[in-house]
Amino acid sequence: MIPIRKGKQLDFMRAAGGLARDILLKTAKEIRPGVTTGEIDAYAADLMRETGCKSAFLGYRGFPGHICISVNEEVVHGIGGPRPIAYGDIIKIDIGIVKDGWVGDNAVTIPVGEIRPEVHHLLWATEESLHVAIDHARDGIMLGDLSHSVEATVVPFGYSVVRQFVGHGVGRKLHEEPQVPNFGRKGTKPRLKAGMILAIEPMVNLGTASVKILGDDWTVITADRKASAHFEHTVLVTDDEPEILTWRERTMTAGDLAAPDSRVRA
């Protein structure tokens, strides 16, 4: 059954979402060449302690990090460690926190310095698909319409969506019903209802949709080792405008780049 949140429950979720957003943005500012992914994880952990929350990821099914930090071809679930961040990398940070028993979850992909134009466009298209999907988070809309909109946004550029990993409901637990794929058929149930809270998180690859899991049993990489992008918001379904509980300014704007015509497919 999909939980419907109301009243003070929504206040708790707004607080958790806002705090997850704040920690994400502060952590993102620490990403620069020479800093290790482990140092980024430790910085986020310090912020969590200072703000009276805890990681929703640490210990979840044995996950050893406070956040997920994934580099370049790593899609999701990367573990902080000794790897130094390099100029030209793209870094995905996914931060989930628990505050007063409620979960906030969000993610962003950050370019480190100047990146290749085709990767820049991948990031823009992925973030665009997130906001297209969010616009479907309204009472009465079918979940299949929301899911379909992600793939429909990125496929015309020749990109692919990851199918093994999907978004999800979020609230008292990190993963609640329903699953929120980034692909699907229009008109597919369930029908969204006001009060549902979804973690919508497109994971989009420059090349193949196929992925592999590394020997640490966590880090997911693209099978062809091409770049992958990941953006996520926690979103409250309403009967009017969807409410983004982890709202932040958009990272990538269309004005930053020219679409790579060589990649666009009719």
# chains A, B, ... in the order shown; residues from 1 in each chain; ligands from 1
$ residues_around --residues "range 192-209 of chain A" --least-positions-apart "5" --cutoff "8 Å" --atoms "only C-alpha atoms" --output "PyMOL selection string"
chain A and resi 2-6+75+105-107+119+122+126-127+129-130+133-134+137-143+150+154+158-163+166-171+178+180+182+222-224+226-239
$ residues_around --residues "range 38-50 of chain A" --least-positions-apart "6" --cutoff "10 Å" --atoms "only C-alpha atoms" --output "ChimeraX atom specification"
/A:19-20,22-24,26-32,58,65-69,79-85,93,95,97-99
$ write_last_selection --atoms "C-alpha atoms" --output "PDB file, in the first residue's frame"
ATOM      1  CA  LEU A  19      17.851  19.557   5.635  1.00  0.00           C
ATOM      2  CA  ALA A  20      18.832  16.927   3.045  1.00  0.00           C
ATOM      3  CA  ASP A  22      21.109  21.966   2.666  1.00  0.00           C
ATOM      4  CA  ILE A  23      23.615  19.185   3.336  1.00  0.00           C
ATOM      5  CA  LEU A  24      23.722  18.319  -0.370  1.00  0.00           C
ATOM      6  CA  LYS A  26      27.138  22.428   1.255  1.00  0.00           C
ATOM      7  CA  THR A  27      28.781  19.127   0.372  1.00  0.00           C
ATOM      8  CA  ALA A  28      28.716  19.963  -3.322  1.00  0.00           C
ATOM      9  CA  LYS A  29      30.781  23.106  -2.662  1.00  0.00           C
ATOM     10  CA  GLU A  30      33.602  20.935  -1.305  1.00  0.00           C
ATOM     11  CA  ILE A  31      34.024  19.043  -4.580  1.00  0.00           C
ATOM     12  CA  ARG A  32      37.207  20.141  -6.335  1.00  0.00           C
ATOM     13  CA  LEU A  58      24.986   4.168   6.437  1.00  0.00           C
ATOM     14  CA  GLY A  65      29.243   5.128   3.430  1.00  0.00           C
ATOM     15  CA  HIS A  66      27.367   8.116   4.820  1.00  0.00           C
ATOM     16  CA  ILE A  67      26.546   9.244   1.278  1.00  0.00           C
ATOM     17  CA  CYS A  68      26.776   7.761  -2.197  1.00  0.00           C
ATOM     18  CA  ILE A  69      29.494   9.413  -4.272  1.00  0.00           C
ATOM     19  CA  ILE A  79      31.530   4.468  -1.808  1.00  0.00           C
ATOM     20  CA  GLY A  80      33.817   7.257  -0.626  1.00  0.00           C
ATOM     21  CA  GLY A  81      37.484   6.281  -0.419  1.00  0.00           C
ATOM     22  CA  PRO A  82      41.027   7.297  -1.393  1.00  0.00           C
ATOM     23  CA  ARG A  83      40.228   8.225  -5.001  1.00  0.00           C
ATOM     24  CA  PRO A  84      41.137  11.879  -5.681  1.00  0.00           C
ATOM     25  CA  ILE A  85      38.689  13.944  -7.719  1.00  0.00           C
ATOM     26  CA  ILE A  93      26.441  12.875  -4.768  1.00  0.00           C
ATOM     27  CA  ILE A  95      22.414  12.271   0.178  1.00  0.00           C
ATOM     28  CA  ILE A  97      19.126  11.777   5.898  1.00  0.00           C
ATOM     29  CA  VAL A  98      16.822  10.822   8.744  1.00  0.00           C
ATOM     30  CA  LYS A  99      15.514  13.690  10.877  1.00  0.00           C
TER      31      LYS A  99
END
$ select_by_dssp --residues "range 19-249 of chain A" --states "strand (DSSP E)" --output "JSON, numbers by chain"
{"A": [54, 55, 68, 69, 70, 71, 74, 75, 76, 90, 91, 92, 93, 94, 95, 96, 97, 98, 99, 102, 103, 104, 105, 106, 107, 108, 109, 110, 111, 160, 161, 167, 168, 169, 176, 177, 178, 179, 180, 197, 198, 199, 200, 203, 204, 205, 211, 212, 213, 220, 221, 222, 228, 229, 230, 233, 234, 235, 236, 243, 244]}
$ write_last_selection --atoms "C-alpha atoms" --output "PDB file, in the first residue's frame"
ATOM      1  CA  LYS A  54      21.827  10.776  10.630  1.00  0.00           C
ATOM      2  CA  SER A  55      22.585   9.150   7.320  1.00  0.00           C
ATOM      3  CA  CYS A  68      26.776   7.761  -2.197  1.00  0.00           C
ATOM      4  CA  ILE A  69      29.494   9.413  -4.272  1.00  0.00           C
ATOM      5  CA  SER A  70      29.931   8.141  -7.825  1.00  0.00           C
ATOM      6  CA  VAL A  71      32.449   9.309 -10.437  1.00  0.00           C
ATOM      7  CA  GLU A  74      29.803   5.109 -11.919  1.00  0.00           C
ATOM      8  CA  VAL A  75      26.018   5.395 -11.967  1.00  0.00           C
ATOM      9  CA  VAL A  76      25.004   5.166  -8.304  1.00  0.00           C
ATOM     10  CA  ILE A  90      31.564  14.452 -13.106  1.00  0.00           C
ATOM     11  CA  ILE A  91      30.645  13.633  -9.506  1.00  0.00           C
ATOM     12  CA  LYS A  92      27.277  12.283  -8.416  1.00  0.00           C
ATOM     13  CA  ILE A  93      26.441  12.875  -4.768  1.00  0.00           C
ATOM     14  CA  ASP A  94      23.325  11.252  -3.367  1.00  0.00           C
ATOM     15  CA  ILE A  95      22.414  12.271   0.178  1.00  0.00           C
ATOM     16  CA  GLY A  96      19.648  10.767   2.279  1.00  0.00           C
ATOM     17  CA  ILE A  97      19.126  11.777   5.898  1.00  0.00           C
ATOM     18  CA  VAL A  98      16.822  10.822   8.744  1.00  0.00           C
ATOM     19  CA  LYS A  99      15.514  13.690  10.877  1.00  0.00           C
ATOM     20  CA  TRP A 102      11.537  11.002   8.606  1.00  0.00           C
ATOM     21  CA  VAL A 103      13.670  10.699   5.463  1.00  0.00           C
ATOM     22  CA  GLY A 104      14.802  13.315   2.965  1.00  0.00           C
ATOM     23  CA  ASP A 105      16.576  12.090  -0.188  1.00  0.00           C
ATOM     24  CA  ASN A 106      18.190  14.007  -3.063  1.00  0.00           C
ATOM     25  CA  ALA A 107      21.028  13.837  -5.565  1.00  0.00           C
ATOM     26  CA  VAL A 108      22.912  15.999  -8.025  1.00  0.00           C
ATOM     27  CA  THR A 109      25.638  15.548 -10.647  1.00  0.00           C
ATOM     28  CA  ILE A 110      28.437  18.102 -10.504  1.00  0.00           C
ATOM     29  CA  PRO A 111      30.928  18.908 -13.269  1.00  0.00           C
ATOM     30  CA  SER A 160      19.425   5.602 -22.310  1.00  0.00           C
ATOM     31  CA  VAL A 161      17.848   5.188 -18.890  1.00  0.00           C
ATOM     32  CA  GLY A 167      13.077   5.801  -7.774  1.00  0.00           C
ATOM     33  CA  HIS A 168      10.736   5.036  -4.907  1.00  0.00           C
ATOM     34  CA  GLY A 169       8.319   6.266  -2.323  1.00  0.00           C
ATOM     35  CA  GLU A 176       8.582   2.737   0.393  1.00  0.00           C
ATOM     36  CA  GLU A 177       5.933   1.965  -2.208  1.00  0.00           C
ATOM     37  CA  PRO A 178       5.640   2.683  -5.048  1.00  0.00           C
ATOM     38  CA  GLN A 179       8.652   1.980  -7.201  1.00  0.00           C
ATOM     39  CA  VAL A 180       9.209   4.894  -9.597  1.00  0.00           C
ATOM     40  CA  ILE A 197       5.728  11.379  -1.542  1.00  0.00           C
ATOM     41  CA  LEU A 198       8.116  10.175  -4.240  1.00  0.00           C
ATOM     42  CA  ALA A 199      11.871  10.145  -4.659  1.00  0.00           C
ATOM     43  CA  ILE A 200      12.102  10.792  -8.390  1.00  0.00           C
ATOM     44  CA  MET A 203      19.726   7.819 -13.950  1.00  0.00           C
ATOM     45  CA  VAL A 204      20.702   8.423 -17.578  1.00  0.00           C
ATOM     46  CA  ASN A 205      23.646   7.030 -19.538  1.00  0.00           C
ATOM     47  CA  VAL A 211      25.176  -1.674 -16.023  1.00  0.00           C
ATOM     48  CA  LYS A 212      27.486  -3.814 -13.891  1.00  0.00           C
ATOM     49  CA  ILE A 213      28.139  -3.959 -10.153  1.00  0.00           C
ATOM     50  CA  VAL A 220      27.143   0.452 -10.207  1.00  0.00           C
ATOM     51  CA  ILE A 221      28.956   1.328 -13.457  1.00  0.00           C
ATOM     52  CA  THR A 222      27.888   1.579 -17.080  1.00  0.00           C
ATOM     53  CA  SER A 228      26.236   8.525 -16.465  1.00  0.00           C
ATOM     54  CA  ALA A 229      24.248  11.314 -14.787  1.00  0.00           C
ATOM     55  CA  HIS A 230      21.913  11.217 -11.777  1.00  0.00           C
ATOM     56  CA  HIS A 233      14.323  15.263  -5.661  1.00  0.00           C
ATOM     57  CA  THR A 234      11.860  14.266  -2.957  1.00  0.00           C
ATOM     58  CA  VAL A 235       8.465  15.397  -4.256  1.00  0.00           C
ATOM     59  CA  LEU A 236       5.028  15.691  -2.651  1.00  0.00           C
ATOM     60  CA  GLU A 243       5.850  20.446  -4.069  1.00  0.00           C
ATOM     61  CA  ILE A 244       9.591  19.755  -4.256  1.00  0.00           C
TER      62      ILE A 244
END
$ closest_residue --among "A:Gly34, A:Pro117, A:His77, A:Asp145" --to "Pro64 in chain A" --atoms "only C-alpha atoms"
A:His77
$ closest_residue --among "A:Gly78, A:His136, A:Asp100, A:His131" --to "Leu214 in chain A" --atoms "only C-alpha atoms"
A:Gly78
$ atom_distance --atom1 "CA of Met1 in chain A" --atom2 "CA of Phe165 in chain A"
20.5 Å
$ closest_residue --among "A:Pro242, A:Arg14, A:Ala152, A:Pro181" --to "Gln164 in chain A" --atoms "only C-alpha atoms"
A:Pro181
$ select_by_dssp --residues "range 66-154 of chain A" --states "alpha helix (DSSP H)" --output "ChimeraX atom specification"
/A:117-134,143-154
$ write_last_selection --atoms "N, CA and C atoms" --output "tab-separated table (two decimals), in the first residue's frame"
chain	number	residue	atom	x	y	z
A	117	PRO	N	31.63	18.60	-24.08
A	117	PRO	CA	30.29	19.11	-24.41
A	117	PRO	C	29.22	18.03	-24.40
A	118	GLU	N	29.53	16.81	-24.87
A	118	GLU	CA	28.52	15.77	-24.90
A	118	GLU	C	28.14	15.32	-23.49
A	119	VAL	N	29.08	15.39	-22.55
A	119	VAL	CA	28.77	15.04	-21.16
A	119	VAL	C	27.99	16.17	-20.51
A	120	HIS	N	28.36	17.41	-20.83
A	120	HIS	CA	27.62	18.57	-20.33
A	120	HIS	C	26.15	18.46	-20.74
A	121	HIS	N	25.93	18.11	-22.00
A	121	HIS	CA	24.55	17.99	-22.48
A	121	HIS	C	23.81	16.84	-21.80
A	122	LEU	N	24.52	15.75	-21.54
A	122	LEU	CA	23.92	14.64	-20.80
A	122	LEU	C	23.40	15.11	-19.45
A	123	LEU	N	24.20	15.89	-18.74
A	123	LEU	CA	23.78	16.39	-17.43
A	123	LEU	C	22.55	17.27	-17.58
A	124	TRP	N	22.56	18.15	-18.56
A	124	TRP	CA	21.40	19.03	-18.75
A	124	TRP	C	20.15	18.22	-19.05
A	125	ALA	N	20.26	17.25	-19.96
A	125	ALA	CA	19.09	16.45	-20.35
A	125	ALA	C	18.55	15.64	-19.17
A	126	THR	N	19.44	15.14	-18.33
A	126	THR	CA	19.01	14.34	-17.18
A	126	THR	C	18.27	15.21	-16.18
A	127	GLU	N	18.82	16.39	-15.89
A	127	GLU	CA	18.13	17.29	-14.96
A	127	GLU	C	16.81	17.77	-15.55
A	128	GLU	N	16.80	18.01	-16.85
A	128	GLU	CA	15.55	18.40	-17.52
A	128	GLU	C	14.50	17.30	-17.37
A	129	SER	N	14.91	16.04	-17.55
A	129	SER	CA	13.95	14.93	-17.44
A	129	SER	C	13.39	14.82	-16.03
A	130	LEU	N	14.21	15.15	-15.03
A	130	LEU	CA	13.72	15.15	-13.65
A	130	LEU	C	12.58	16.14	-13.49
A	131	HIS	N	12.74	17.33	-14.03
A	131	HIS	CA	11.71	18.36	-13.85
A	131	HIS	C	10.48	18.09	-14.71
A	132	VAL	N	10.68	17.46	-15.86
A	132	VAL	CA	9.52	17.03	-16.65
A	132	VAL	C	8.71	16.00	-15.86
A	133	ALA	N	9.42	15.06	-15.22
A	133	ALA	CA	8.73	14.03	-14.43
A	133	ALA	C	8.02	14.65	-13.22
A	134	ILE	N	8.69	15.59	-12.56
A	134	ILE	CA	8.09	16.23	-11.39
A	134	ILE	C	6.76	16.90	-11.76
A	143	LEU	N	1.07	6.88	-12.61
A	143	LEU	CA	2.51	6.79	-12.39
A	143	LEU	C	3.24	6.44	-13.70
A	144	GLY	N	2.60	5.63	-14.53
A	144	GLY	CA	3.22	5.29	-15.81
A	144	GLY	C	3.48	6.50	-16.69
A	145	ASP	N	2.63	7.52	-16.59
A	145	ASP	CA	2.84	8.75	-17.36
A	145	ASP	C	4.09	9.47	-16.87
A	146	LEU	N	4.24	9.53	-15.54
A	146	LEU	CA	5.43	10.16	-14.95
A	146	LEU	C	6.69	9.41	-15.38
A	147	SER	N	6.67	8.10	-15.25
A	147	SER	CA	7.85	7.30	-15.58
A	147	SER	C	8.18	7.40	-17.07
A	148	HIS	N	7.17	7.33	-17.91
A	148	HIS	CA	7.37	7.42	-19.36
A	148	HIS	C	8.02	8.74	-19.75
A	149	SER	N	7.70	9.80	-19.04
A	149	SER	CA	8.18	11.13	-19.42
A	149	SER	C	9.69	11.25	-19.33
A	150	VAL	N	10.31	10.50	-18.41
A	150	VAL	CA	11.78	10.57	-18.27
A	150	VAL	C	12.43	10.02	-19.53
A	151	GLU	N	12.08	8.81	-19.88
A	151	GLU	CA	12.68	8.19	-21.06
A	151	GLU	C	12.36	8.98	-22.32
A	152	ALA	N	11.13	9.49	-22.42
A	152	ALA	CA	10.74	10.24	-23.61
A	152	ALA	C	11.55	11.53	-23.75
A	153	THR	N	12.02	12.08	-22.65
A	153	THR	CA	12.82	13.30	-22.69
A	153	THR	C	14.25	13.04	-23.15
A	154	VAL	N	14.85	11.94	-22.73
A	154	VAL	CA	16.28	11.74	-22.99
A	154	VAL	C	16.58	10.89	-24.22
$ atom_distance --atom1 "CA of Trp247 in chain A" --atom2 "CA of Asn72 in chain A"
24.5 Å
$ closest_residue --among "A:Arg21, A:His175, A:Lys8, A:Arg61" --to "Asp217 in chain A" --atoms "only C-alpha atoms"
A:Arg61
$ decode --residues "range 12-117 of chain A" --atoms "C-alpha atoms" --output "PDB file, in the first residue's frame"
ATOM      1  CA  PHE A  12       8.256  16.556   9.271  1.00  0.00           C
ATOM      2  CA  MET A  13       8.887  15.618   5.648  1.00  0.00           C
ATOM      3  CA  ARG A  14       9.392  19.244   4.647  1.00  0.00           C
ATOM      4  CA  ALA A  15      11.934  19.625   7.445  1.00  0.00           C
ATOM      5  CA  ALA A  16      13.766  16.429   6.447  1.00  0.00           C
ATOM      6  CA  GLY A  17      13.747  17.394   2.788  1.00  0.00           C
ATOM      7  CA  GLY A  18      15.042  20.883   3.466  1.00  0.00           C
ATOM      8  CA  LEU A  19      17.851  19.557   5.635  1.00  0.00           C
ATOM      9  CA  ALA A  20      18.832  16.927   3.045  1.00  0.00           C
ATOM     10  CA  ARG A  21      18.953  19.723   0.459  1.00  0.00           C
ATOM     11  CA  ASP A  22      21.109  21.966   2.666  1.00  0.00           C
ATOM     12  CA  ILE A  23      23.615  19.185   3.336  1.00  0.00           C
ATOM     13  CA  LEU A  24      23.722  18.319  -0.370  1.00  0.00           C
ATOM     14  CA  LEU A  25      24.451  21.906  -1.392  1.00  0.00           C
ATOM     15  CA  LYS A  26      27.138  22.428   1.255  1.00  0.00           C
ATOM     16  CA  THR A  27      28.781  19.127   0.372  1.00  0.00           C
ATOM     17  CA  ALA A  28      28.716  19.963  -3.322  1.00  0.00           C
ATOM     18  CA  LYS A  29      30.781  23.106  -2.662  1.00  0.00           C
ATOM     19  CA  GLU A  30      33.602  20.935  -1.305  1.00  0.00           C
ATOM     20  CA  ILE A  31      34.024  19.043  -4.580  1.00  0.00           C
ATOM     21  CA  ARG A  32      37.207  20.141  -6.335  1.00  0.00           C
ATOM     22  CA  PRO A  33      40.309  18.574  -7.872  1.00  0.00           C
ATOM     23  CA  GLY A  34      42.571  16.820  -5.387  1.00  0.00           C
ATOM     24  CA  VAL A  35      39.939  16.179  -2.719  1.00  0.00           C
ATOM     25  CA  THR A  36      39.236  12.479  -2.221  1.00  0.00           C
ATOM     26  CA  THR A  37      35.786  10.947  -2.363  1.00  0.00           C
ATOM     27  CA  GLY A  38      36.352   9.734   1.198  1.00  0.00           C
ATOM     28  CA  GLU A  39      36.966  13.291   2.380  1.00  0.00           C
ATOM     29  CA  ILE A  40      33.674  14.344   0.786  1.00  0.00           C
ATOM     30  CA  ASP A  41      31.877  11.532   2.614  1.00  0.00           C
ATOM     31  CA  ALA A  42      33.476  12.579   5.920  1.00  0.00           C
ATOM     32  CA  TYR A  43      32.498  16.217   5.360  1.00  0.00           C
ATOM     33  CA  ALA A  44      28.853  15.240   4.791  1.00  0.00           C
ATOM     34  CA  ALA A  45      28.958  13.033   7.897  1.00  0.00           C
ATOM     35  CA  ASP A  46      30.177  15.993   9.976  1.00  0.00           C
ATOM     36  CA  LEU A  47      27.310  18.135   8.660  1.00  0.00           C
ATOM     37  CA  MET A  48      24.824  15.446   9.632  1.00  0.00           C
ATOM     38  CA  ARG A  49      26.164  15.301  13.172  1.00  0.00           C
ATOM     39  CA  GLU A  50      26.155  19.096  13.481  1.00  0.00           C
ATOM     40  CA  THR A  51      22.522  19.346  12.346  1.00  0.00           C
ATOM     41  CA  GLY A  52      21.181  16.518  14.494  1.00  0.00           C
ATOM     42  CA  CYS A  53      20.342  14.049  11.781  1.00  0.00           C
ATOM     43  CA  LYS A  54      21.827  10.776  10.630  1.00  0.00           C
ATOM     44  CA  SER A  55      22.585   9.150   7.320  1.00  0.00           C
ATOM     45  CA  ALA A  56      19.743   7.143   5.787  1.00  0.00           C
ATOM     46  CA  PHE A  57      22.356   5.135   3.868  1.00  0.00           C
ATOM     47  CA  LEU A  58      24.986   4.168   6.437  1.00  0.00           C
ATOM     48  CA  GLY A  59      24.413   0.524   7.368  1.00  0.00           C
ATOM     49  CA  TYR A  60      21.432   0.157   5.012  1.00  0.00           C
ATOM     50  CA  ARG A  61      21.773  -3.445   3.852  1.00  0.00           C
ATOM     51  CA  GLY A  62      25.404  -3.106   4.929  1.00  0.00           C
ATOM     52  CA  PHE A  63      26.259   0.032   2.918  1.00  0.00           C
ATOM     53  CA  PRO A  64      29.502   1.442   4.411  1.00  0.00           C
ATOM     54  CA  GLY A  65      29.243   5.128   3.430  1.00  0.00           C
ATOM     55  CA  HIS A  66      27.367   8.116   4.820  1.00  0.00           C
ATOM     56  CA  ILE A  67      26.546   9.244   1.278  1.00  0.00           C
ATOM     57  CA  CYS A  68      26.776   7.761  -2.197  1.00  0.00           C
ATOM     58  CA  ILE A  69      29.494   9.413  -4.272  1.00  0.00           C
ATOM     59  CA  SER A  70      29.931   8.141  -7.825  1.00  0.00           C
ATOM     60  CA  VAL A  71      32.449   9.309 -10.437  1.00  0.00           C
ATOM     61  CA  ASN A  72      32.123   9.451 -14.235  1.00  0.00           C
ATOM     62  CA  GLU A  73      30.931   6.007 -15.431  1.00  0.00           C
ATOM     63  CA  GLU A  74      29.803   5.109 -11.919  1.00  0.00           C
ATOM     64  CA  VAL A  75      26.018   5.395 -11.967  1.00  0.00           C
ATOM     65  CA  VAL A  76      25.004   5.166  -8.304  1.00  0.00           C
ATOM     66  CA  HIS A  77      25.998   3.653  -4.940  1.00  0.00           C
ATOM     67  CA  GLY A  78      29.640   4.682  -5.109  1.00  0.00           C
ATOM     68  CA  ILE A  79      31.530   4.468  -1.808  1.00  0.00           C
ATOM     69  CA  GLY A  80      33.817   7.257  -0.626  1.00  0.00           C
ATOM     70  CA  GLY A  81      37.484   6.281  -0.419  1.00  0.00           C
ATOM     71  CA  PRO A  82      41.027   7.297  -1.393  1.00  0.00           C
ATOM     72  CA  ARG A  83      40.228   8.225  -5.001  1.00  0.00           C
ATOM     73  CA  PRO A  84      41.137  11.879  -5.681  1.00  0.00           C
ATOM     74  CA  ILE A  85      38.689  13.944  -7.719  1.00  0.00           C
ATOM     75  CA  ALA A  86      40.190  15.163 -11.000  1.00  0.00           C
ATOM     76  CA  TYR A  87      39.545  18.146 -13.255  1.00  0.00           C
ATOM     77  CA  GLY A  88      37.032  17.103 -15.920  1.00  0.00           C
ATOM     78  CA  ASP A  89      35.293  14.512 -13.752  1.00  0.00           C
ATOM     79  CA  ILE A  90      31.564  14.452 -13.106  1.00  0.00           C
ATOM     80  CA  ILE A  91      30.645  13.633  -9.506  1.00  0.00           C
ATOM     81  CA  LYS A  92      27.277  12.283  -8.416  1.00  0.00           C
ATOM     82  CA  ILE A  93      26.441  12.875  -4.768  1.00  0.00           C
ATOM     83  CA  ASP A  94      23.325  11.252  -3.367  1.00  0.00           C
ATOM     84  CA  ILE A  95      22.414  12.271   0.178  1.00  0.00           C
ATOM     85  CA  GLY A  96      19.648  10.767   2.279  1.00  0.00           C
ATOM     86  CA  ILE A  97      19.126  11.777   5.898  1.00  0.00           C
ATOM     87  CA  VAL A  98      16.822  10.822   8.744  1.00  0.00           C
ATOM     88  CA  LYS A  99      15.514  13.690  10.877  1.00  0.00           C
ATOM     89  CA  ASP A 100      13.028  12.983  13.690  1.00  0.00           C
ATOM     90  CA  GLY A 101      12.232   9.643  12.099  1.00  0.00           C
ATOM     91  CA  TRP A 102      11.537  11.002   8.606  1.00  0.00           C
ATOM     92  CA  VAL A 103      13.670  10.699   5.463  1.00  0.00           C
ATOM     93  CA  GLY A 104      14.802  13.315   2.965  1.00  0.00           C
ATOM     94  CA  ASP A 105      16.576  12.090  -0.188  1.00  0.00           C
ATOM     95  CA  ASN A 106      18.190  14.007  -3.063  1.00  0.00           C
ATOM     96  CA  ALA A 107      21.028  13.837  -5.565  1.00  0.00           C
ATOM     97  CA  VAL A 108      22.912  15.999  -8.025  1.00  0.00           C
ATOM     98  CA  THR A 109      25.638  15.548 -10.647  1.00  0.00           C
ATOM     99  CA  ILE A 110      28.437  18.102 -10.504  1.00  0.00           C
ATOM    100  CA  PRO A 111      30.928  18.908 -13.269  1.00  0.00           C
ATOM    101  CA  VAL A 112      34.466  19.501 -11.996  1.00  0.00           C
ATOM    102  CA  GLY A 113      35.815  22.321 -14.115  1.00  0.00           C
ATOM    103  CA  GLU A 114      35.335  22.087 -17.862  1.00  0.00           C
ATOM    104  CA  ILE A 115      33.831  18.843 -19.115  1.00  0.00           C
ATOM    105  CA  ARG A 116      33.274  17.496 -22.621  1.00  0.00           C
ATOM    106  CA  PRO A 117      30.289  19.105 -24.415  1.00  0.00           C
TER     107      PRO A 117
END
